[in-house]
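Enquirer: As input, take protein-v3.pdb (PDB, C-alpha atoms and all ligand atoms):
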```pdb
ATOM      1  CA  MET M1188       0.000   0.000   0.000
ATOM      2  CA  THR M1189       1.370   3.419  -0.976
ATOM      3  CA  THR M1190      -0.278   6.796  -0.667
ATOM      4  CA  SER M1191       0.206   9.453  -3.358
ATOM      5  CA  LYS M1192       0.595  13.129  -2.623
ATOM      6  CA  ARG M1193      -3.058  13.575  -3.576
ATOM      7  CA  GLY M1194      -3.990  11.205  -0.742
ATOM      8  CA  ILE M1195      -4.885   8.371  -3.106
ATOM      9  CA  VAL M1196      -4.072   4.935  -1.686
ATOM     10  CA  LEU M1197      -2.550   2.552  -4.228
ATOM     11  CA  LYS M1198      -3.085  -1.102  -3.373
ATOM     12  CA  SER M1199      -0.530  -3.862  -3.833
ATOM     13  CA  PRO M1200      -1.462  -6.999  -5.838
ATOM     14  CA  ARG M1201      -1.936  -8.851  -2.548
ATOM     15  CA  GLU M1202      -4.306  -6.154  -1.304
ATOM     16  CA  LEU M1203      -6.230  -6.233  -4.582
ATOM     17  CA  ALA M1204      -6.692  -9.979  -4.133
ATOM     18  CA  LEU M1205      -8.166  -9.333  -0.683
ATOM     19  CA  MET M1206     -10.449  -6.670  -2.139
ATOM     20  CA  ARG M1207     -11.612  -9.176  -4.756
ATOM     21  CA  GLU M1208     -12.573 -11.587  -1.955
ATOM     22  CA  ALA M1209     -14.629  -8.842  -0.298
ATOM     23  CA  GLY M1210     -16.139  -8.058  -3.691
ATOM     24  CA  LYS M1211     -17.225 -11.646  -4.298
ATOM     25  CA  ILE M1212     -18.978 -11.753  -0.938
ATOM     26  CA  ASN M1213     -20.713  -8.458  -1.699
ATOM     27  CA  ALA M1214     -21.812  -9.818  -5.082
ATOM     28  CA  ARG M1215     -23.235 -12.926  -3.431
ATOM     29  CA  ALA M1216     -25.126 -10.753  -0.946
ATOM     30  CA  LEU M1217     -26.656  -8.735  -3.782
ATOM     31  CA  ALA M1218     -27.510 -11.929  -5.650
ATOM     32  CA  ALA M1219     -29.281 -13.273  -2.562
ATOM     33  CA  ALA M1220     -31.239 -10.021  -2.272
ATOM     34  CA  LEU M1221     -32.263 -10.260  -5.930
ATOM     35  CA  GLU M1222     -33.537 -13.788  -5.368
ATOM     36  CA  VAL M1223     -36.275 -12.533  -3.044
ATOM     37  CA  VAL M1224     -37.316  -9.461  -5.079
ATOM     38  CA  ARG M1225     -40.922  -9.921  -6.224
ATOM     39  CA  PRO M1226     -44.277  -8.156  -5.705
ATOM     40  CA  GLY M1227     -45.490  -8.332  -2.079
ATOM     41  CA  VAL M1228     -42.068  -8.757  -0.442
ATOM     42  CA  THR M1229     -40.985  -6.089   2.064
ATOM     43  CA  THR M1230     -37.730  -4.226   1.679
ATOM     44  CA  ALA M1231     -36.740  -5.553   5.132
ATOM     45  CA  GLU M1232     -36.966  -9.094   3.731
ATOM     46  CA  VAL M1233     -34.750  -8.137   0.795
ATOM     47  CA  ASN M1234     -32.246  -6.635   3.219
ATOM     48  CA  ARG M1235     -32.308  -9.738   5.405
ATOM     49  CA  ALA M1236     -31.327 -11.967   2.484
ATOM     50  CA  ALA M1237     -28.207  -9.891   1.856
ATOM     51  CA  ALA M1238     -27.406  -9.565   5.562
ATOM     52  CA  GLU M1239     -27.443 -13.351   6.011
ATOM     53  CA  VAL M1240     -24.789 -13.782   3.319
ATOM     54  CA  LEU M1241     -22.529 -11.230   4.990
ATOM     55  CA  LYS M1242     -23.005 -12.887   8.356
ATOM     56  CA  LYS M1243     -22.313 -16.417   7.079
ATOM     57  CA  SER M1244     -19.143 -15.224   5.332
ATOM     58  CA  GLY M1245     -17.845 -13.663   8.528
ATOM     59  CA  SER M1246     -17.924 -10.191   6.985
ATOM     60  CA  VAL M1247     -18.805  -6.916   8.607
ATOM     61  CA  PRO M1248     -21.590  -4.902   6.965
ATOM     62  CA  ALA M1249     -20.048  -1.637   5.789
ATOM     63  CA  PHE M1250     -23.241   0.416   5.935
ATOM     64  CA  VAL M1251     -24.451  -0.297   9.482
ATOM     65  CA  GLY M1252     -23.637   2.676  11.675
ATOM     66  CA  VAL M1253     -22.521   5.044   8.917
ATOM     67  CA  PRO M1254     -22.876   8.490  10.491
ATOM     68  CA  GLY M1255     -25.688  10.760   9.358
ATOM     69  CA  ALA M1256     -28.678  12.410  11.016
ATOM     70  CA  TYR M1257     -28.604   9.132  12.963
ATOM     71  CA  PRO M1258     -26.402   6.083  12.390
ATOM     72  CA  TYR M1259     -27.498   4.132   9.295
ATOM     73  CA  PRO M1260     -29.572   1.187  10.558
ATOM     74  CA  ALA M1261     -29.252  -1.593   7.931
ATOM     75  CA  GLU M1262     -26.874  -3.745   5.866
ATOM     76  CA  THR M1263     -28.205  -2.453   2.537
ATOM     77  CA  THR M1264     -29.933   0.615   1.208
ATOM     78  CA  ILE M1265     -33.095  -0.094  -0.763
ATOM     79  CA  SER M1266     -34.557   2.729  -2.823
ATOM     80  CA  ILE M1267     -37.771   2.447  -4.849
ATOM     81  CA  ASN M1268     -38.796   4.339  -8.017
ATOM     82  CA  ASP M1269     -38.160   8.072  -7.421
ATOM     83  CA  GLU M1270     -35.870   7.164  -4.498
ATOM     84  CA  LEU M1271     -32.286   7.284  -5.759
ATOM     85  CA  VAL M1272     -30.073   6.116  -2.893
ATOM     86  CA  HIS M1273     -29.963   5.574   0.890
ATOM     87  CA  GLY M1274     -33.504   4.212   1.291
ATOM     88  CA  ILE M1275     -33.890   2.389   4.613
ATOM     89  CA  PRO M1276     -35.295  -1.168   4.430
ATOM     90  CA  GLY M1277     -38.555  -1.594   6.312
ATOM     91  CA  ASP M1278     -42.237  -2.540   5.985
ATOM     92  CA  ARG M1279     -42.773  -1.161   2.494
ATOM     93  CA  ARG M1280     -43.862  -3.879   0.090
ATOM     94  CA  LEU M1281     -42.555  -4.073  -3.448
ATOM     95  CA  GLU M1282     -45.245  -3.696  -6.096
ATOM     96  CA  ASP M1283     -45.534  -4.937  -9.636
ATOM     97  CA  GLY M1284     -43.984  -2.262 -11.875
ATOM     98  CA  ASP M1285     -41.622  -0.815  -9.245
ATOM     99  CA  ILE M1286     -37.938  -0.426  -9.891
ATOM    100  CA  VAL M1287     -35.793  -1.114  -6.851
ATOM    101  CA  SER M1288     -32.186  -0.095  -6.244
ATOM    102  CA  ILE M1289     -30.189  -2.237  -3.838
ATOM    103  CA  ASP M1290     -26.805  -1.044  -2.583
ATOM    104  CA  CYS M1291     -24.611  -3.218  -0.354
ATOM    105  CA  GLY M1292     -21.244  -2.787   1.324
ATOM    106  CA  THR M1293     -18.967  -5.415   2.869
ATOM    107  CA  VAL M1294     -15.829  -5.240   4.959
ATOM    108  CA  HIS M1295     -13.789  -8.432   4.709
ATOM    109  CA  ASP M1296     -10.193  -8.855   5.934
ATOM    110  CA  GLY M1297     -10.117  -5.100   6.443
ATOM    111  CA  PHE M1298     -11.133  -4.118   2.911
ATOM    112  CA  VAL M1299     -14.415  -2.663   1.705
ATOM    113  CA  ALA M1300     -16.469  -3.696  -1.312
ATOM    114  CA  ASP M1301     -19.323  -1.456  -2.465
ATOM    115  CA  SER M1302     -21.762  -2.240  -5.272
ATOM    116  CA  ALA M1303     -25.346  -1.619  -6.288
ATOM    117  CA  LEU M1304     -27.885  -2.341  -8.975
ATOM    118  CA  THR M1305     -31.435  -1.511  -9.938
ATOM    119  CA  VAL M1306     -33.941  -4.149 -11.042
ATOM    120  CA  GLY M1307     -37.566  -4.222 -12.085
ATOM    121  CA  VAL M1308     -40.275  -5.864  -9.970
ATOM    122  CA  GLY M1309     -42.584  -7.904 -12.220
ATOM    123  CA  GLU M1310     -43.539  -6.052 -15.387
ATOM    124  CA  ILE M1311     -42.022  -2.597 -15.703
ATOM    125  CA  ALA M1312     -42.814   0.273 -18.076
ATOM    126  CA  GLU M1313     -40.839   0.868 -21.251
ATOM    127  CA  GLU M1314     -39.325   4.095 -19.850
ATOM    128  CA  ALA M1315     -38.211   2.295 -16.681
ATOM    129  CA  HIS M1316     -36.667  -0.442 -18.764
ATOM    130  CA  LYS M1317     -34.713   2.096 -20.795
ATOM    131  CA  LEU M1318     -33.566   3.889 -17.631
ATOM    132  CA  LEU M1319     -32.108   0.666 -16.173
ATOM    133  CA  ARG M1320     -30.402  -0.223 -19.432
ATOM    134  CA  ILE M1321     -28.828   3.195 -19.941
ATOM    135  CA  THR M1322     -27.640   3.452 -16.325
ATOM    136  CA  ARG M1323     -26.017   0.044 -16.459
ATOM    137  CA  GLU M1324     -24.440   0.800 -19.818
ATOM    138  CA  ALA M1325     -23.138   4.099 -18.396
ATOM    139  CA  LEU M1326     -21.379   2.189 -15.615
ATOM    140  CA  PHE M1327     -19.635  -0.010 -18.159
ATOM    141  CA  ALA M1328     -18.824   2.983 -20.385
ATOM    142  CA  GLY M1329     -17.015   4.430 -17.358
ATOM    143  CA  ILE M1330     -15.324   1.143 -16.447
ATOM    144  CA  LYS M1331     -13.883   0.836 -19.947
ATOM    145  CA  LYS M1332     -12.058   4.140 -19.418
ATOM    146  CA  MET M1333     -10.422   2.918 -16.210
ATOM    147  CA  ILE M1334      -7.003   2.228 -17.673
ATOM    148  CA  PRO M1335      -3.594   3.651 -16.731
ATOM    149  CA  GLY M1336      -2.904   6.837 -18.656
ATOM    150  CA  ASN M1337      -6.531   7.974 -18.625
ATOM    151  CA  SER M1338      -7.837  10.388 -16.006
ATOM    152  CA  THR M1339     -10.873  10.334 -13.746
ATOM    153  CA  GLY M1340     -12.298  13.062 -16.012
ATOM    154  CA  ASP M1341     -12.280  10.590 -18.925
ATOM    155  CA  VAL M1342     -14.335   8.179 -16.811
ATOM    156  CA  SER M1343     -16.770  10.885 -15.668
ATOM    157  CA  GLU M1344     -17.197  12.230 -19.194
ATOM    158  CA  ALA M1345     -17.978   8.774 -20.597
ATOM    159  CA  ILE M1346     -20.720   8.241 -18.010
ATOM    160  CA  GLN M1347     -22.251  11.672 -18.533
ATOM    161  CA  ALA M1348     -22.146  11.415 -22.326
ATOM    162  CA  HIS M1349     -23.923   8.068 -22.372
ATOM    163  CA  VAL M1350     -26.609   9.186 -19.935
ATOM    164  CA  GLU M1351     -27.304  12.594 -21.464
ATOM    165  CA  GLY M1352     -27.023  11.238 -25.000
ATOM    166  CA  ASN M1353     -29.992   9.066 -24.132
ATOM    167  CA  GLY M1354     -32.118  11.864 -22.674
ATOM    168  CA  PHE M1355     -31.489  11.271 -18.960
ATOM    169  CA  HIS M1356     -29.513  13.232 -16.363
ATOM    170  CA  VAL M1357     -26.788  12.491 -13.824
ATOM    171  CA  VAL M1358     -27.031  13.476 -10.187
ATOM    172  CA  ARG M1359     -24.664  16.211  -9.058
ATOM    173  CA  GLU M1360     -24.479  15.912  -5.242
ATOM    174  CA  TYR M1361     -23.396  12.263  -5.017
ATOM    175  CA  THR M1362     -20.326  10.790  -6.690
ATOM    176  CA  GLY M1363     -18.223   7.719  -7.189
ATOM    177  CA  HIS M1364     -15.265   7.438  -4.830
ATOM    178  CA  GLY M1365     -12.047   5.709  -3.980
ATOM    179  CA  VAL M1366     -12.575   2.553  -1.905
ATOM    180  CA  GLY M1367     -10.199   0.421   0.145
ATOM    181  CA  ARG M1368      -9.683   0.130   3.860
ATOM    182  CA  SER M1369     -12.267   2.906   4.072
ATOM    183  CA  MET M1370     -15.555   2.995   2.195
ATOM    184  CA  HIS M1371     -14.846   6.501   0.968
ATOM    185  CA  GLU M1372     -11.297   7.353  -0.082
ATOM    186  CA  GLU M1373      -9.800   9.780  -2.556
ATOM    187  CA  PRO M1374     -10.436  10.506  -5.348
ATOM    188  CA  GLN M1375     -14.031  11.537  -5.905
ATOM    189  CA  VAL M1376     -15.264  10.488  -9.328
ATOM    190  CA  PRO M1377     -18.366  12.463 -10.311
ATOM    191  CA  ASN M1378     -20.810  11.200 -12.921
ATOM    192  CA  TYR M1379     -20.127  14.336 -14.960
ATOM    193  CA  GLY M1380     -16.844  15.820 -16.095
ATOM    194  CA  ARG M1381     -14.460  16.603 -18.895
ATOM    195  CA  LYS M1382     -11.895  14.495 -20.689
ATOM    196  CA  GLY M1383      -8.374  14.905 -19.359
ATOM    197  CA  ARG M1384      -9.453  16.538 -16.120
ATOM    198  CA  GLY M1385      -9.376  15.090 -12.628
ATOM    199  CA  VAL M1386      -6.514  12.858 -11.534
ATOM    200  CA  PRO M1387      -4.439  10.407 -13.615
ATOM    201  CA  LEU M1388      -5.395   6.749 -13.218
ATOM    202  CA  LYS M1389      -2.592   4.512 -11.960
ATOM    203  CA  PRO M1390      -2.333   0.755 -11.374
ATOM    204  CA  GLY M1391      -3.458  -0.068  -7.839
ATOM    205  CA  MET M1392      -6.133   2.625  -7.689
ATOM    206  CA  THR M1393      -9.490   1.247  -6.563
ATOM    207  CA  ILE M1394     -12.661   3.184  -7.247
ATOM    208  CA  ALA M1395     -16.356   2.602  -6.647
ATOM    209  CA  LEU M1396     -17.936   3.934  -9.805
ATOM    210  CA  GLU M1397     -21.646   4.600  -9.470
ATOM    211  CA  PRO M1398     -23.807   6.315 -12.062
ATOM    212  CA  MET M1399     -26.938   7.684 -10.390
ATOM    213  CA  VAL M1400     -29.350   8.581 -13.132
ATOM    214  CA  MET M1401     -32.488  10.688 -13.130
ATOM    215  CA  SER M1402     -35.183  10.371 -15.779
ATOM    216  CA  GLY M1403     -36.251  13.972 -15.085
ATOM    217  CA  SER M1404     -34.376  16.885 -13.535
ATOM    218  CA  PHE M1405     -31.168  16.097 -11.643
ATOM    219  CA  GLU M1406     -32.401  17.884  -8.537
ATOM    220  CA  THR M1407     -32.848  15.762  -5.414
ATOM    221  CA  ARG M1408     -34.524  16.049  -2.026
ATOM    222  CA  ILE M1409     -34.089  14.223   1.286
ATOM    223  CA  LEU M1410     -37.166  12.428   2.631
ATOM    224  CA  SER M1411     -38.441  12.822   6.204
ATOM    225  CA  ASP M1412     -36.456   9.778   7.421
ATOM    226  CA  GLN M1413     -33.403  12.046   6.879
ATOM    227  CA  TRP M1414     -31.584   9.387   4.845
ATOM    228  CA  THR M1415     -33.497   8.633   1.671
ATOM    229  CA  VAL M1416     -32.456  10.718  -1.352
ATOM    230  CA  ALA M1417     -35.222  11.023  -3.970
ATOM    231  CA  SER M1418     -35.767  12.970  -7.178
ATOM    232  CA  LYS M1419     -37.309  16.359  -6.488
ATOM    233  CA  ASP M1420     -39.755  15.976  -9.369
ATOM    234  CA  GLY M1421     -40.860  12.475  -8.355
ATOM    235  CA  ARG M1422     -39.625  10.860 -11.558
ATOM    236  CA  LEU M1423     -37.838   7.509 -11.740
ATOM    237  CA  THR M1424     -34.151   7.107 -10.862
ATOM    238  CA  ALA M1425     -31.615   4.271 -11.162
ATOM    239  CA  HIS M1426     -28.237   3.367  -9.690
ATOM    240  CA  PHE M1427     -25.572   0.842 -10.698
ATOM    241  CA  GLU M1428     -22.235   0.527  -8.925
ATOM    242  CA  HIS M1429     -19.102  -1.625  -9.009
ATOM    243  CA  SER M1430     -15.823  -1.390  -7.114
ATOM    244  CA  ILE M1431     -13.072  -1.551  -9.726
ATOM    245  CA  ALA M1432      -9.275  -1.733  -9.659
ATOM    246  CA  VAL M1433      -7.100  -0.028 -12.257
ATOM    247  CA  THR M1434      -4.467  -2.567 -13.355
ATOM    248  CA  GLU M1435      -1.825  -2.853 -16.083
ATOM    249  CA  ASN M1436      -4.132  -5.405 -17.716
ATOM    250  CA  GLY M1437      -7.215  -3.178 -17.683
ATOM    251  CA  PRO M1438     -10.060  -2.635 -15.248
ATOM    252  CA  TRP M1439     -10.680  -5.429 -12.745
ATOM    253  CA  ILE M1440     -14.281  -5.448 -11.528
ATOM    254  CA  LEU M1441     -13.772  -6.476  -7.914
ATOM    255  CA  THR M1442     -17.491  -6.781  -7.132
ATOM    256  CA  ALA M1443     -18.506  -8.911 -10.116
ATOM    257  CA  MET M1444     -20.096 -12.230  -9.263
ATOM    258  CA  ASP M1445     -18.940 -13.954 -12.387
ATOM    259  CA  GLU M1446     -16.060 -16.289 -11.551
ATOM    260  CA  GLU M1447     -14.668 -15.726 -15.023
ATOM    261  CA  LEU M1448     -13.435 -12.393 -13.732
ATOM    262  CA  ASP M1449     -10.481 -14.150 -12.213
ATOM    263  CA  GLU M1450      -9.255 -15.091 -15.675
ATOM    264  CA  GLY M1451      -8.581 -11.474 -16.511
ATOM    265  CA  GLU M1452     -10.873 -11.122 -19.500
ATOM    266  CA  TRP M1453     -12.866  -8.302 -18.094
ATOM    267  CA  ILE M1454     -15.124  -7.776 -21.105
ATOM    268  CA  ARG M1455     -16.930 -10.995 -20.297
ATOM    269  CA  TYR M1456     -17.820  -9.628 -16.905
ATOM    270  CA  ASN M1457     -20.388  -7.509 -18.611
ATOM    271  CA  ASN M1458     -22.630 -10.505 -18.243
ATOM    272  CA  TYR M1459     -22.627  -9.939 -14.507
ATOM    273  CA  PHE M1460     -26.247  -8.930 -14.409
ATOM    274  CA  ALA M1461     -27.374 -10.681 -17.547
ATOM    275  CA  GLY M1462     -30.505 -12.674 -16.947
ATOM    276  CA  ARG M1463     -31.464 -10.444 -14.067
ATOM    277  CA  VAL M1464     -32.016  -7.083 -15.648
ATOM    278  CA  ASP M1465     -32.439  -8.107 -19.250
ATOM    279  CA  PRO M1466     -30.086 -10.453 -21.073
ATOM    280  CA  ALA M1467     -31.095  -8.887 -24.386
ATOM    281  CA  VAL M1468     -29.474  -5.617 -23.411
ATOM    282  CA  ALA M1469     -26.253  -6.998 -21.909
ATOM    283  CA  VAL M1470     -23.473  -4.680 -23.012
ATOM    284  CA  LYS M1471     -22.083  -5.837 -26.360
ATOM    285  CA  GLU M1472     -18.454  -5.297 -27.259
TER     286      GLU M1472
HETATM  287 MG    MG M1501     -22.778   1.751  -2.763
HETATM  288 MG    MG M1502     -20.402   3.901  -3.249
END
```
For the file at hand, write its structure as structure tokens.
Ligand code: MG
Ligand code: MG
Expert:
Amino acid sequence: MTTSKRGIVLKSPRELALMREAGKINARALAAALEVVRPGVTTAEVNRAAAEVLKKSGSVPAFVGVPGAYPYPAETTISINDELVHGIPGDRRLEDGDIVSIDCGTVHDGFVADSALTVGVGEIAEEAHKLLRITREALFAGIKKMIPGNSTGDVSEAIQAHVEGNGFHVVREYTGHGVGRSMHEEPQVPNYGRKGRGVPLKPGMTIALEPMVMSGSFETRILSDQWTVASKDGRLTAHFEHSIAVTENGPWILTAMDEELDEGEWIRYNNYFAGRVDPAVAVKE
């Protein structure tokens, strides 16, 4: 582990391997949560499915106790429809046609993994379907730019261009971030930016990239629970996130659940969510 003068922590290959282990556990927790998503299920039940995976793997939930208006009370955040991020699991029941964003964080062997995805519940509207597809594609457009020699601005620009080119908007107040022994490290990686700006990407940098996409205006509001962030105009939002390492061989998606990741052919990892969101729109290379 070395720290640059910008305060960015570069991880050694051994540390990246540990982060991959945390990432696999986080992926399994999200997969378990997805298994229970259907109309009529409460968000607390979805949370419980993920929490059980973390517990069985001997991991520490990264989100429990995060400081805010009051300490965050659950292992995941579950945000429905206009809710973008930080929704608290509880008694609310998922309904046919909802879109639900699940974000999970794991600490394993001292390293954090952070990833999220949005899925439809039952049949969802055409516009919702497009929103999920574009947000997920934006994540992968950003990941593809995560190679040494590029800058964080190249990553941000790629996300913004894909989202806005498809008629949606990126949130301004919440950003991607370095991840490692802490959930939030340097650098910040916004979902908007300009090519060549930001900081240069170097092998060993680990970043949680997370497009948060609004189908209407990018303005947000905080709900009365003081945690949930929702769109101000009430329109649908989506969120996809992976923790990724910059390596000499290209981006390594630490939070992918596909075991093929370990073979180093990262393009194939695009199938991570295939079959869960919509296999027909899996990112093609
Ligand atoms: Mg997250
Ligand atoms: Mg994050």
Enquirer: I'd like to know which of M:Tyr1379, M:Phe1427, M:Trp1439, M:Tyr1257 is closest to ligand MG 1501 (chain M), using all atoms listed in the file.
Expert: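 Among the listed residues, M:Phe1427 lies closest to ligand MG 1501 (chain M).
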Enquirer: Around ligand MG 1502 (chain M), at most 12 Å away and counting all atoms listed in the file, which residues are there? Put them as a compact mmCIF listing (two decimals) with C-alpha atoms, keeping the file's coordinate frame, please.
Expert:
```
# COMPACT_ATOMS: atom_id res chain seq x y z
CA ALA M 1249 -20.05 -1.64 5.79
CA PHE M 1250 -23.24 0.42 5.94
CA THR M 1263 -28.20 -2.45 2.54
CA THR M 1264 -29.93 0.62 1.21
CA VAL M 1272 -30.07 6.12 -2.89
CA HIS M 1273 -29.96 5.57 0.89
CA ILE M 1289 -30.19 -2.24 -3.84
CA ASP M 1290 -26.80 -1.04 -2.58
CA CYS M 1291 -24.61 -3.22 -0.35
CA GLY M 1292 -21.24 -2.79 1.32
CA THR M 1293 -18.97 -5.42 2.87
CA VAL M 1299 -14.42 -2.66 1.70
CA ALA M 1300 -16.47 -3.70 -1.31
CA ASP M 1301 -19.32 -1.46 -2.46
CA SER M 1302 -21.76 -2.24 -5.27
CA ALA M 1303 -25.35 -1.62 -6.29
CA LEU M 1304 -27.88 -2.34 -8.98
CA TYR M 1361 -23.40 12.26 -5.02
CA THR M 1362 -20.33 10.79 -6.69
CA GLY M 1363 -18.22 7.72 -7.19
CA HIS M 1364 -15.26 7.44 -4.83
CA GLY M 1365 -12.05 5.71 -3.98
CA VAL M 1366 -12.58 2.55 -1.90
CA GLY M 1367 -10.20 0.42 0.14
CA SER M 1369 -12.27 2.91 4.07
CA MET M 1370 -15.56 3.00 2.19
CA HIS M 1371 -14.85 6.50 0.97
CA GLU M 1372 -11.30 7.35 -0.08
CA GLN M 1375 -14.03 11.54 -5.90
CA VAL M 1376 -15.26 10.49 -9.33
CA PRO M 1377 -18.37 12.46 -10.31
CA THR M 1393 -9.49 1.25 -6.56
CA ILE M 1394 -12.66 3.18 -7.25
CA ALA M 1395 -16.36 2.60 -6.65
CA LEU M 1396 -17.94 3.93 -9.80
CA GLU M 1397 -21.65 4.60 -9.47
CA PRO M 1398 -23.81 6.32 -12.06
CA MET M 1399 -26.94 7.68 -10.39
CA HIS M 1426 -28.24 3.37 -9.69
CA PHE M 1427 -25.57 0.84 -10.70
CA GLU M 1428 -22.24 0.53 -8.93
CA HIS M 1429 -19.10 -1.62 -9.01
CA SER M 1430 -15.82 -1.39 -7.11
CA ILE M 1431 -13.07 -1.55 -9.73
CA THR M 1442 -17.49 -6.78 -7.13
```
Enquirer: If we count only C-alpha atoms, what is near Leu1388 of chain M at a cut-off of 8 Å, once residues fewer than 3 positions away on the same chain are taken out, given as a list in words?
Expert: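 Neighbouring residues, sequence-local ones excluded: Met1333, Ile1334, Pro1335, Gly1336, Asn1337, Ser1338, Thr1339, Met1392 and Val1433 of chain M.
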Enquirer: Write to file, as a CSV table (one decimal), in the frame of the given file, the residues of the selection just made, with C-alpha atoms.
Expert:
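Ended up saving to selection08.csv:
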```
chain,number,residue,atom,x,y,z
M,1333,MET,CA,-10.4,2.9,-16.2
M,1334,ILE,CA,-7.0,2.2,-17.7
M,1335,PRO,CA,-3.6,3.7,-16.7
M,1336,GLY,CA,-2.9,6.8,-18.7
M,1337,ASN,CA,-6.5,8.0,-18.6
M,1338,SER,CA,-7.8,10.4,-16.0
M,1339,THR,CA,-10.9,10.3,-13.7
M,1392,MET,CA,-6.1,2.6,-7.7
M,1433,VAL,CA,-7.1,0.0,-12.3
```
Enquirer: Quick one: pull the distance between atom CA of Pro1276 of chain M and atom CA of Val1350 of chain M, Å, one decimal.
Expert: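 We find that atom CA of Pro1276 of chain M and atom CA of Val1350 of chain M lie 27.9 Å from each other.
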Enquirer: With distances taken over only C-alpha atoms and all ligand atoms, which residue among M:Lys1242, M:Ala1214, M:Gly1421, M:Ser1191 lies nearest ligand MG 1501 (chain M)?
Expert: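 Nearest candidate to ligand MG 1501 (chain M) out of M:Lys1242, M:Ala1214, M:Gly1421, M:Ser1191: M:Ala1214.
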Enquirer: Hey, can you pull every residue with an atom no more than 12 Å from (-21.8, 9.5, -20.8), using all atoms listed in the file, and send it as an MDAnalysis selection string?
Expert: chainID M and resid 1321:1332 1340:1357 1377:1382 1398:1400
Enquirer: Tell me which residues come within 12 Å of (-45.4, -3.1, -14.6), as JSON, numbers by chain, counting only C-alpha atoms in the file's coordinates.
Expert: {"M": [1225, 1226, 1268, 1281, 1282, 1283, 1284, 1285, 1286, 1307, 1308, 1309, 1310, 1311, 1312, 1313, 1314, 1315, 1316]}
Enquirer: Could you tell me how far atom CA of Leu1319 of chain M lies from atom CA of Met1401 of chain M, in Å and to one decimal?
Expert: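 We find that atom CA of Leu1319 of chain M and atom CA of Met1401 of chain M lie 10.5 Å from each other.
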Enquirer: What is the distance, in Å and to one decimal place, between atom CA of Arg1201 of chain M and atom CA of His1295 of chain M?
Expert: 13.9 Å
Enquirer: Given only C-alpha atoms and all ligand atoms as the basis, pick out the residue of M:Pro1200, M:Arg1235, M:Ser1266, M:Val1228 nearest to ligand MG 1501 (chain M).
Expert: M:Ser1266
Enquirer: Looking at M:Ala1236, M:Ala1216, M:Ala1432, M:Val1247, which one is nearest to Leu1197 of chain M, with distances taken over only C-alpha atoms?
Expert: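 Looking at the shortest contact to Leu1197 of chain M, the residue is M:Ala1432.
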Enquirer: Measuring between all atoms listed in the file, which one of M:Arg1408, M:Lys1198, M:Arg1215, M:Arg1422 shows the shortest distance to Lys1243 of chain M?
Expert: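 Smallest distance to Lys1243 of chain M is found for M:Arg1215.
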Enquirer: So, counting only C-alpha atoms, which residue among M:Ala1443, M:Leu1221, M:Ala1256, M:Ala1237 is closest to Thr1305 of chain M?
Expert: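 The answer is M:Leu1221, which sits nearest to Thr1305 of chain M.
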Enquirer: To verify the selection step, state as a PDB file with C-alpha atoms, in the frame of the given file which residues the PyMOL selection byres (((chain M and resi 1277) around 8) and not hetatm) yields on this input.
Expert:
```
ATOM      1  CA  THR M1229     -40.985  -6.089   2.064  1.00  0.00           C
ATOM      2  CA  THR M1230     -37.730  -4.226   1.679  1.00  0.00           C
ATOM      3  CA  ALA M1231     -36.740  -5.553   5.132  1.00  0.00           C
ATOM      4  CA  ILE M1275     -33.890   2.389   4.613  1.00  0.00           C
ATOM      5  CA  PRO M1276     -35.295  -1.168   4.430  1.00  0.00           C
ATOM      6  CA  ASP M1278     -42.237  -2.540   5.985  1.00  0.00           C
ATOM      7  CA  ARG M1279     -42.773  -1.161   2.494  1.00  0.00           C
TER       8      ARG M1279
END
```
